[in-house]
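Next comes coords.tsv, with TSV, C-alpha atoms.
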chain	number	residue	atom	x	y	z
A	1	ARG	CA	55.16	8.03	84.54
A	2	LEU	CA	53.31	8.78	81.34
A	3	ARG	CA	54.91	7.88	78.01
A	4	PHE	CA	53.49	8.82	74.63
A	5	ALA	CA	55.04	7.29	71.49
A	6	PHE	CA	52.72	7.71	68.53
A	7	ASP	CA	52.74	4.79	66.07
A	8	GLU	CA	55.44	2.87	67.98
A	9	LYS	CA	55.87	-0.77	66.95
A	10	TYR	CA	56.89	-3.66	69.21
A	11	ILE	CA	58.20	-7.18	68.95
A	12	GLU	CA	56.72	-9.25	71.76
A	13	TYR	CA	58.19	-12.33	73.38
A	14	THR	CA	56.78	-14.47	76.13
A	15	PHE	CA	58.02	-12.27	78.96
A	16	ALA	CA	59.48	-9.24	77.19
A	17	ARG	CA	58.67	-6.61	74.64
A	18	THR	CA	61.19	-4.73	72.48
A	19	SER	CA	60.44	-1.46	70.75
A	20	THR	CA	61.35	-1.11	67.08
A	21	GLY	CA	60.83	2.65	67.32
A	22	THR	CA	58.60	5.29	65.84
A	23	HIS	CA	58.98	8.10	63.33
A	24	TYR	CA	57.65	10.63	65.84
A	25	PRO	CA	59.10	12.15	69.03
A	26	ILE	CA	58.66	10.14	72.22
A	27	ILE	CA	57.37	12.23	75.11
A	28	THR	CA	57.74	11.11	78.71
A	29	LEU	CA	56.32	12.88	81.76
A	30	ASP	CA	57.57	11.81	85.20
A	31	TYR	CA	55.80	12.94	88.35
A	32	THR	CA	56.82	12.16	91.91
A	33	TYR	CA	54.93	13.15	95.02
A	34	GLY	CA	56.51	12.93	98.45
A	35	MET	CA	54.03	12.80	101.34
A	36	LYS	CA	54.95	14.19	104.71
A	37	GLY	CA	54.30	11.81	107.60
A	38	ILE	CA	54.15	8.59	105.58
A	39	PHE	CA	56.73	6.09	106.87
A	40	ARG	CA	58.21	8.92	108.99
A	41	SER	CA	58.95	11.14	106.00
A	42	ASP	CA	59.74	14.76	106.84
A	43	TYR	CA	59.15	16.46	103.50
A	44	GLU	CA	56.26	17.09	101.18
A	45	TYR	CA	57.24	17.87	97.61
A	46	HIS	CA	56.33	17.47	93.95
A	47	LYS	CA	58.92	16.58	91.32
A	48	VAL	CA	58.07	16.94	87.61
A	49	ALA	CA	60.24	16.13	84.58
A	50	LEU	CA	59.29	16.34	80.90
A	51	ASN	CA	61.50	14.45	78.43
A	52	ILE	CA	61.30	14.61	74.62
A	53	GLY	CA	63.49	12.41	72.43
A	54	ASP	CA	63.58	11.79	68.71
A	55	ARG	CA	65.72	10.62	65.80
A	56	PHE	CA	65.90	12.34	62.47
A	57	ARG	CA	67.92	11.76	59.34
A	58	THR	CA	69.75	14.81	58.07
A	59	MET	CA	70.40	13.36	54.61
A	60	PRO	CA	70.79	9.76	53.48
A	61	LEU	CA	74.58	10.20	53.21
A	62	LEU	CA	75.13	12.12	56.45
A	63	GLY	CA	73.63	9.62	58.88
A	64	TYR	CA	71.15	10.43	61.64
A	65	THR	CA	70.84	12.49	64.80
A	66	ASP	CA	69.28	11.45	68.11
A	67	TYR	CA	68.38	14.15	70.61
A	68	ILE	CA	66.95	14.28	74.11
A	69	VAL	CA	65.62	17.44	75.76
A	70	GLU	CA	64.51	17.31	79.38
A	71	ALA	CA	63.20	19.97	81.74
A	72	GLY	CA	62.43	19.39	85.40
A	73	LYS	CA	61.47	21.17	88.59
A	74	VAL	CA	61.08	20.28	92.26
A	75	PHE	CA	58.24	22.08	94.04
A	76	GLY	CA	58.62	22.32	97.80
A	77	ASN	CA	61.52	22.56	100.21
A	78	VAL	CA	63.71	19.46	100.17
A	79	PRO	CA	67.29	18.60	101.19
A	80	TYR	CA	69.92	17.84	98.56
A	81	PRO	CA	69.32	14.04	98.38
A	82	LEU	CA	65.80	14.73	97.03
A	83	LEU	CA	66.94	17.26	94.43
A	84	GLU	CA	67.85	16.28	90.88
A	85	LEU	CA	71.42	15.04	91.25
A	86	HIS	CA	72.72	15.11	87.69
A	87	GLY	CA	74.26	11.87	86.51
A	88	GLY	CA	78.02	11.97	86.28
A	89	ASN	CA	80.35	9.20	85.22
A	90	GLU	CA	83.81	8.58	86.67
A	91	THR	CA	84.39	5.24	84.92
A	92	VAL	CA	86.16	4.53	81.63
A	93	ILE	CA	82.95	3.08	80.18
A	94	TYR	CA	80.87	5.53	78.13
A	95	ASP	CA	77.35	6.09	79.46
A	96	PRO	CA	75.05	7.59	76.80
A	97	TYR	CA	72.63	9.02	79.36
A	98	ALA	CA	75.15	10.49	81.83
A	99	PHE	CA	77.50	13.43	81.62
A	100	ASN	CA	80.71	11.53	81.12
A	101	MET	CA	83.12	14.29	82.18
A	102	MET	CA	81.10	15.20	85.28
A	103	ASN	CA	81.99	13.65	88.63
A	104	TYR	CA	79.43	11.73	90.65
A	105	TYR	CA	77.25	14.09	92.70
A	106	GLU	CA	79.05	17.16	91.37
A	107	PHE	CA	75.93	19.20	90.55
A	108	GLY	CA	72.37	19.24	91.81
A	109	SER	CA	69.35	21.34	90.83
A	110	ASP	CA	65.75	21.89	91.77
A	111	GLN	CA	65.03	23.34	88.32
A	112	TYR	CA	66.98	22.40	85.22
A	113	VAL	CA	67.04	21.89	81.45
A	114	THR	CA	69.29	19.38	79.68
A	115	VAL	CA	69.97	18.93	75.98
A	116	GLN	CA	71.80	15.93	74.54
A	117	ALA	CA	72.52	15.34	70.84
A	118	PHE	CA	74.22	12.33	69.24
A	119	HIS	CA	75.06	12.36	65.54
A	120	HIS	CA	76.00	9.08	63.85
A	121	PHE	CA	77.70	9.65	60.47
A	122	ASP	CA	77.28	6.01	59.36
A	123	GLY	CA	80.74	5.94	57.79
A	124	PHE	CA	80.45	9.21	55.85
A	125	PHE	CA	84.16	10.00	56.35
A	126	LEU	CA	85.74	6.58	56.97
A	127	ASN	CA	84.04	4.95	53.96
A	128	HIS	CA	86.34	7.02	51.71
A	129	ILE	CA	89.34	5.08	53.03
A	130	PRO	CA	89.40	1.57	51.45
A	131	LEU	CA	90.53	-0.40	54.53
A	132	MET	CA	88.14	1.45	56.82
A	133	ARG	CA	85.24	0.77	54.45
A	134	LYS	CA	85.82	-2.99	54.88
A	135	LEU	CA	86.00	-2.64	58.68
A	136	LYS	CA	82.65	-0.78	58.69
A	137	TRP	CA	83.71	1.55	61.47
A	138	ARG	CA	81.38	4.50	61.99
A	139	GLU	CA	82.00	8.05	63.20
A	140	VAL	CA	79.93	9.57	66.00
A	141	ILE	CA	79.91	12.95	67.73
A	142	THR	CA	77.95	14.01	70.80
A	143	GLY	CA	77.16	17.21	72.63
A	144	LYS	CA	75.56	17.53	76.04
A	145	ALA	CA	74.58	20.62	78.02
A	146	ILE	CA	72.74	21.37	81.23
A	147	ILE	CA	71.64	24.53	82.98
A	148	GLY	CA	70.02	24.64	86.39
A	149	ASP	CA	69.84	26.24	89.80
A	150	ILE	CA	68.86	25.61	93.41
A	151	THR	CA	66.61	27.97	95.35
A	152	LYS	CA	67.98	29.57	98.50
A	153	GLU	CA	65.48	27.66	100.67
A	154	ASN	CA	66.64	24.25	99.38
A	155	ARG	CA	70.30	25.25	99.55
A	156	ASN	CA	70.06	26.15	103.24
A	157	LEU	CA	67.91	23.18	104.32
A	158	LEU	CA	70.82	20.73	104.71
A	159	ILE	CA	74.54	21.36	104.45
A	160	PHE	CA	75.84	20.28	101.05
A	161	PRO	CA	78.77	17.86	100.89
A	162	GLY	CA	82.02	19.46	99.75
A	163	THR	CA	81.76	17.86	96.30
A	164	LEU	CA	78.18	18.95	95.52
A	165	SER	CA	77.33	22.39	94.19
A	166	SER	CA	74.74	24.23	92.14
A	167	LEU	CA	75.18	25.21	88.52
A	168	ASN	CA	74.09	28.75	89.55
A	169	LYS	CA	72.33	29.28	86.20
A	170	LYS	CA	75.65	28.73	84.41
A	171	PRO	CA	75.66	25.97	81.80
A	172	TYR	CA	77.75	22.83	81.87
A	173	TYR	CA	78.89	21.55	78.44
A	174	GLU	CA	80.73	18.52	77.17
A	175	VAL	CA	81.39	17.14	73.70
A	176	SER	CA	82.89	13.96	72.29
A	177	ALA	CA	84.00	12.45	69.03
A	178	GLY	CA	84.48	8.76	68.49
A	179	ILE	CA	84.39	5.66	66.38
A	180	GLU	CA	81.78	2.98	66.91
A	181	ASN	CA	81.15	-0.49	65.50
A	182	ILE	CA	84.74	-1.59	66.17
A	183	PHE	CA	84.57	-5.38	65.76
A	184	LYS	CA	80.79	-4.79	65.84
A	185	VAL	CA	80.97	-4.38	69.62
A	186	PHE	CA	83.28	-1.58	70.81
A	187	ARG	CA	83.20	2.18	70.70
A	188	ILE	CA	86.08	4.56	71.47
A	189	ASP	CA	85.45	8.23	72.29
A	190	ALA	CA	87.54	11.29	73.07
A	191	LEU	CA	85.65	13.52	75.50
A	192	TRP	CA	86.10	17.18	76.38
A	193	ARG	CA	84.58	19.20	79.18
A	194	LEU	CA	84.02	22.74	77.92
A	195	SER	CA	82.89	24.45	81.11
Final structure tokens representation of the file:
Amino acid sequence: RLRFAFDEKYIEYTFARTSTGTHYPIITLDYTYGMKGIFRSDYEYHKVALNIGDRFRTMPLLGYTDYIVEAGKVFGNVPYPLLELHGGNETVIYDPYAFNMMNYYEFGSDQYVTVQAFHHFDGFFLNHIPLMRKLKWREVITGKAIIGDITKENRNLLIFPGTLSSLNKKPYYEVSAGIENIFKVFRIDALWRLS
């Protein structure tokens, strides 16, 4: 894994280090190589994923937007457990990095692009209501999309479980709207699957 975060600042402790962020995009490149014959492995493949994430302020009053764009590809013929199995979430707890309306192991891809955007309004709407201004609740909206496919060779290598399928170059979308900073701990979202 290579990670490039220009001008990133840290706070260091004895055994830990916490990032305070950067004003520039953070770029991460993940590379995995599977060797055939090592520890009885049957497949040789290369898996590459490029991830770019950043935060930008739209205007001082309108809050800020975080986004993550990731593209990945698997080179070589591999069965479905070695493909990119897109993260679903079947719990009631919101996962910012998963697709919260997607079931576990619902979609897999050997080439894909994902886009995730989170906009935090910082009280732009609720601050106009006197009681809400004192509570300091904040509005947030999110949008997530993914498009991907599986080559015919990888699809036919091992029979897929009944719950797993390919996106077949058709996008998956979901959006949500919510309120965060409830008692400075909780967040409540309404989520919709659009595809």
Write out, as a Markdown table, each residue of stretch 64-85 of chain A that has an atom at most 12 Å from stretch 161-165 of chain A, together with the closest pair of atoms and their distance in Å to one decimal, counting all atoms listed in the file, rows going by chain and rising number.
| residue | atom | partner | partner_atom | distance |
| --- | --- | --- | --- | --- |
| A:Pro79 | CA | A:Pro161 | CA | 11.5 |
| A:Tyr80 | CA | A:Leu164 | CA | 8.9 |
| A:Pro81 | CA | A:Pro161 | CA | 10.5 |
| A:Leu83 | CA | A:Leu164 | CA | 11.4 |
| A:Glu84 | CA | A:Leu164 | CA | 11.6 |
| A:Leu85 | CA | A:Leu164 | CA | 8.9 |
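The interatomic distance for the pair atom CA of A:Arg1 and atom CA of A:Thr32 works out to 8.6 Å.
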Give me the residues near A:Ile141 as a PDB file with C-alpha atoms, in the frame of the given file, where near means some atom within 6 Å (using all atoms listed in the file) and where sequence neighbours in that chain fewer than 4 positions away do not count.
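Listed below is the output, part.pdb:
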ATOM      1  CA  PHE A 118      74.220  12.330  69.240  1.00  0.00           C
ATOM      2  CA  HIS A 119      75.060  12.360  65.540  1.00  0.00           C
ATOM      3  CA  SER A 176      82.890  13.960  72.290  1.00  0.00           C
ATOM      4  CA  ALA A 177      84.000  12.450  69.030  1.00  0.00           C
TER       5      ALA A 177
END
- Got a sec: who's within 8 Å of A:Met102, counting only C-alpha atoms, leaving out chain neighbours fewer than 5 positions off, as a PyMOL selection string? chain A and resi 87-90
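Note that the spacing between atom CA of A:Gly148 and atom CA of A:Gly108 amounts to 8.0 Å.
Proximity to A:Asn127 was assessed for A:Glu139, A:Thr18, A:Lys73, A:Glu174 counting only C-alpha atoms; the smallest distance is recorded for A:Glu139.
Atom CA of A:Tyr173 lies 18.2 Å from atom CA of A:Thr65.
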- Note on the structure: For A:Pro96, the closest of A:Lys9, A:Arg187, A:Arg138, A:His23 counting all atoms listed in the file is A:Arg187
- Item | Which of A:Val115, A:Ile182, A:Asp110, A:Phe125 sits closest to A:Lys152 [using only C-alpha atoms] |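 Between A:Val115, A:Ile182, A:Asp110, A:Phe125, the residue approaching A:Lys152 most closely is A:Asp110.
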- Counting all atoms listed in the file, the option among A:Val69, A:Ile11, A:Phe75, A:Leu61 closest to A:Tyr45: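 Result for the nearest residue to A:Tyr45: A:Phe75.
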- Query: Which polymer residues have any atom within 12 Å of an atom of A:Met59, counting all atoms listed in the file, with same-chain residues fewer than 5 positions away left out, as number ranges by chain?
  - Reply: A: 64-65, 119-122, 124
Go ahead and write the residues just picked, C-alpha atoms, as a compact mmCIF listing (two decimals), in the frame of the given file.
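Once everything was written out, this is result-v3.txt:
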# COMPACT_ATOMS: atom_id res chain seq x y z
CA TYR A 64 71.15 10.43 61.64
CA THR A 65 70.84 12.49 64.80
CA HIS A 119 75.06 12.36 65.54
CA HIS A 120 76.00 9.08 63.85
CA PHE A 121 77.70 9.65 60.47
CA ASP A 122 77.28 6.01 59.36
CA PHE A 124 80.45 9.21 55.85
- Task: Would you mind listing what lies within 12 Å of A:Asn100 as number ranges by chain, with only C-alpha atoms counted and same-chain residues fewer than 2 positions away left out?
- Result: A: 86-98, 102-104, 106, 116, 142-145, 172-176, 189-193
- Counting only C-alpha atoms, the residue among A:Asn181, A:Ser166, A:Ser41, A:Thr58 that lies closest to A:Phe107 is A:Ser166
- Would you please work out which residue, of A:Ser19, A:Phe160, A:Tyr24, A:Asp54, is nearest to A:Asp7 when using all atoms listed in the file?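 Among the listed residues, the smallest separation from A:Asp7 belongs to A:Tyr24.
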- Task: Dig up all the protein and nucleic acid residues within 7 Å of (73.8, 26.2, 87.1) in the file frame, using only C-alpha atoms, and format them as a ChimeraX atom specification.
- Result: /A:147-149,166-171
- Message: List the spatial neighbours of stretch 20-22 of chain A as a list in words - criterion: any atom at most 12 Å away, all atoms listed in the file, same-chain residues fewer than 5 positions off excluded.
- Response: Phe4, Ala5, Phe6, Asp7, Glu8, Lys9, Tyr10, Ile11, Glu12, Ile27, Gly53, Asp54, Arg55 and Phe56 of chain A
Mind filling out stretch 31-54 of chain A with N, CA, C and O atoms and sending it as a compact mmCIF listing (two decimals), keeping the file's coordinate frame?
# COMPACT_ATOMS: atom_id res chain seq x y z
N TYR A 31 56.30 12.17 87.22
CA TYR A 31 55.80 12.94 88.35
C TYR A 31 56.01 12.13 89.63
O TYR A 31 55.68 10.94 89.68
N THR A 32 56.58 12.79 90.61
CA THR A 32 56.82 12.16 91.91
C THR A 32 56.20 13.04 92.99
O THR A 32 56.37 14.26 92.96
N TYR A 33 55.50 12.41 93.90
CA TYR A 33 54.93 13.15 95.02
C TYR A 33 55.44 12.54 96.32
O TYR A 33 55.31 11.33 96.54
N GLY A 34 56.05 13.37 97.14
CA GLY A 34 56.51 12.93 98.45
C GLY A 34 55.54 13.41 99.52
O GLY A 34 55.26 14.61 99.63
N MET A 35 55.01 12.47 100.31
CA MET A 35 54.03 12.80 101.34
C MET A 35 54.69 12.91 102.69
O MET A 35 55.43 12.01 103.11
N LYS A 36 54.43 13.99 103.36
CA LYS A 36 54.95 14.19 104.71
C LYS A 36 54.20 13.30 105.68
O LYS A 36 52.98 13.18 105.61
N GLY A 37 54.92 12.64 106.58
CA GLY A 37 54.30 11.81 107.60
C GLY A 37 54.11 10.36 107.24
O GLY A 37 53.79 9.54 108.10
N ILE A 38 54.28 9.98 105.99
CA ILE A 38 54.15 8.59 105.58
C ILE A 38 55.49 7.90 105.78
O ILE A 38 56.51 8.35 105.27
N PHE A 39 55.50 6.81 106.55
CA PHE A 39 56.73 6.09 106.87
C PHE A 39 57.79 7.05 107.44
O PHE A 39 58.95 7.00 107.08
N ARG A 40 57.35 7.95 108.31
CA ARG A 40 58.21 8.92 108.99
C ARG A 40 58.89 9.92 108.06
O ARG A 40 59.94 10.47 108.38
N SER A 41 58.34 10.17 106.91
CA SER A 41 58.95 11.14 106.00
C SER A 41 58.75 12.55 106.55
O SER A 41 57.73 12.86 107.17
N ASP A 42 59.74 13.40 106.32
CA ASP A 42 59.74 14.76 106.84
C ASP A 42 59.39 15.82 105.81
O ASP A 42 59.25 16.98 106.16
N TYR A 43 59.29 15.44 104.54
CA TYR A 43 59.15 16.46 103.50
C TYR A 43 57.98 16.14 102.58
O TYR A 43 57.75 15.00 102.22
N GLU A 44 57.30 17.21 102.19
CA GLU A 44 56.26 17.09 101.18
C GLU A 44 56.74 17.87 99.96
O GLU A 44 57.12 19.04 100.06
N TYR A 45 56.74 17.22 98.82
CA TYR A 45 57.24 17.87 97.61
C TYR A 45 56.62 17.23 96.37
O TYR A 45 56.06 16.14 96.42
N HIS A 46 56.73 17.94 95.27
CA HIS A 46 56.33 17.47 93.95
C HIS A 46 57.54 17.61 93.04
O HIS A 46 58.20 18.64 93.04
N LYS A 47 57.79 16.57 92.25
CA LYS A 47 58.92 16.58 91.32
C LYS A 47 58.37 16.23 89.94
O LYS A 47 57.74 15.19 89.76
N VAL A 48 58.61 17.12 88.96
CA VAL A 48 58.07 16.94 87.61
C VAL A 48 59.23 17.01 86.62
O VAL A 48 60.10 17.88 86.74
N ALA A 49 59.23 16.10 85.65
CA ALA A 49 60.24 16.13 84.58
C ALA A 49 59.56 15.77 83.26
O ALA A 49 58.82 14.79 83.18
N LEU A 50 59.81 16.58 82.24
CA LEU A 50 59.29 16.34 80.90
C LEU A 50 60.47 16.05 79.98
O LEU A 50 61.42 16.83 79.92
N ASN A 51 60.40 14.92 79.28
CA ASN A 51 61.50 14.45 78.43
C ASN A 51 60.97 14.23 77.02
O ASN A 51 59.96 13.58 76.83
N ILE A 52 61.67 14.79 76.03
CA ILE A 52 61.30 14.61 74.62
C ILE A 52 62.54 14.09 73.89
O ILE A 52 63.61 14.69 73.98
N GLY A 53 62.39 12.98 73.19
CA GLY A 53 63.49 12.41 72.43
C GLY A 53 63.04 12.00 71.05
O GLY A 53 61.89 11.62 70.85
N ASP A 54 63.94 12.11 70.08
CA ASP A 54 63.58 11.79 68.71
C ASP A 54 64.84 11.46 67.93
O ASP A 54 65.95 11.75 68.36
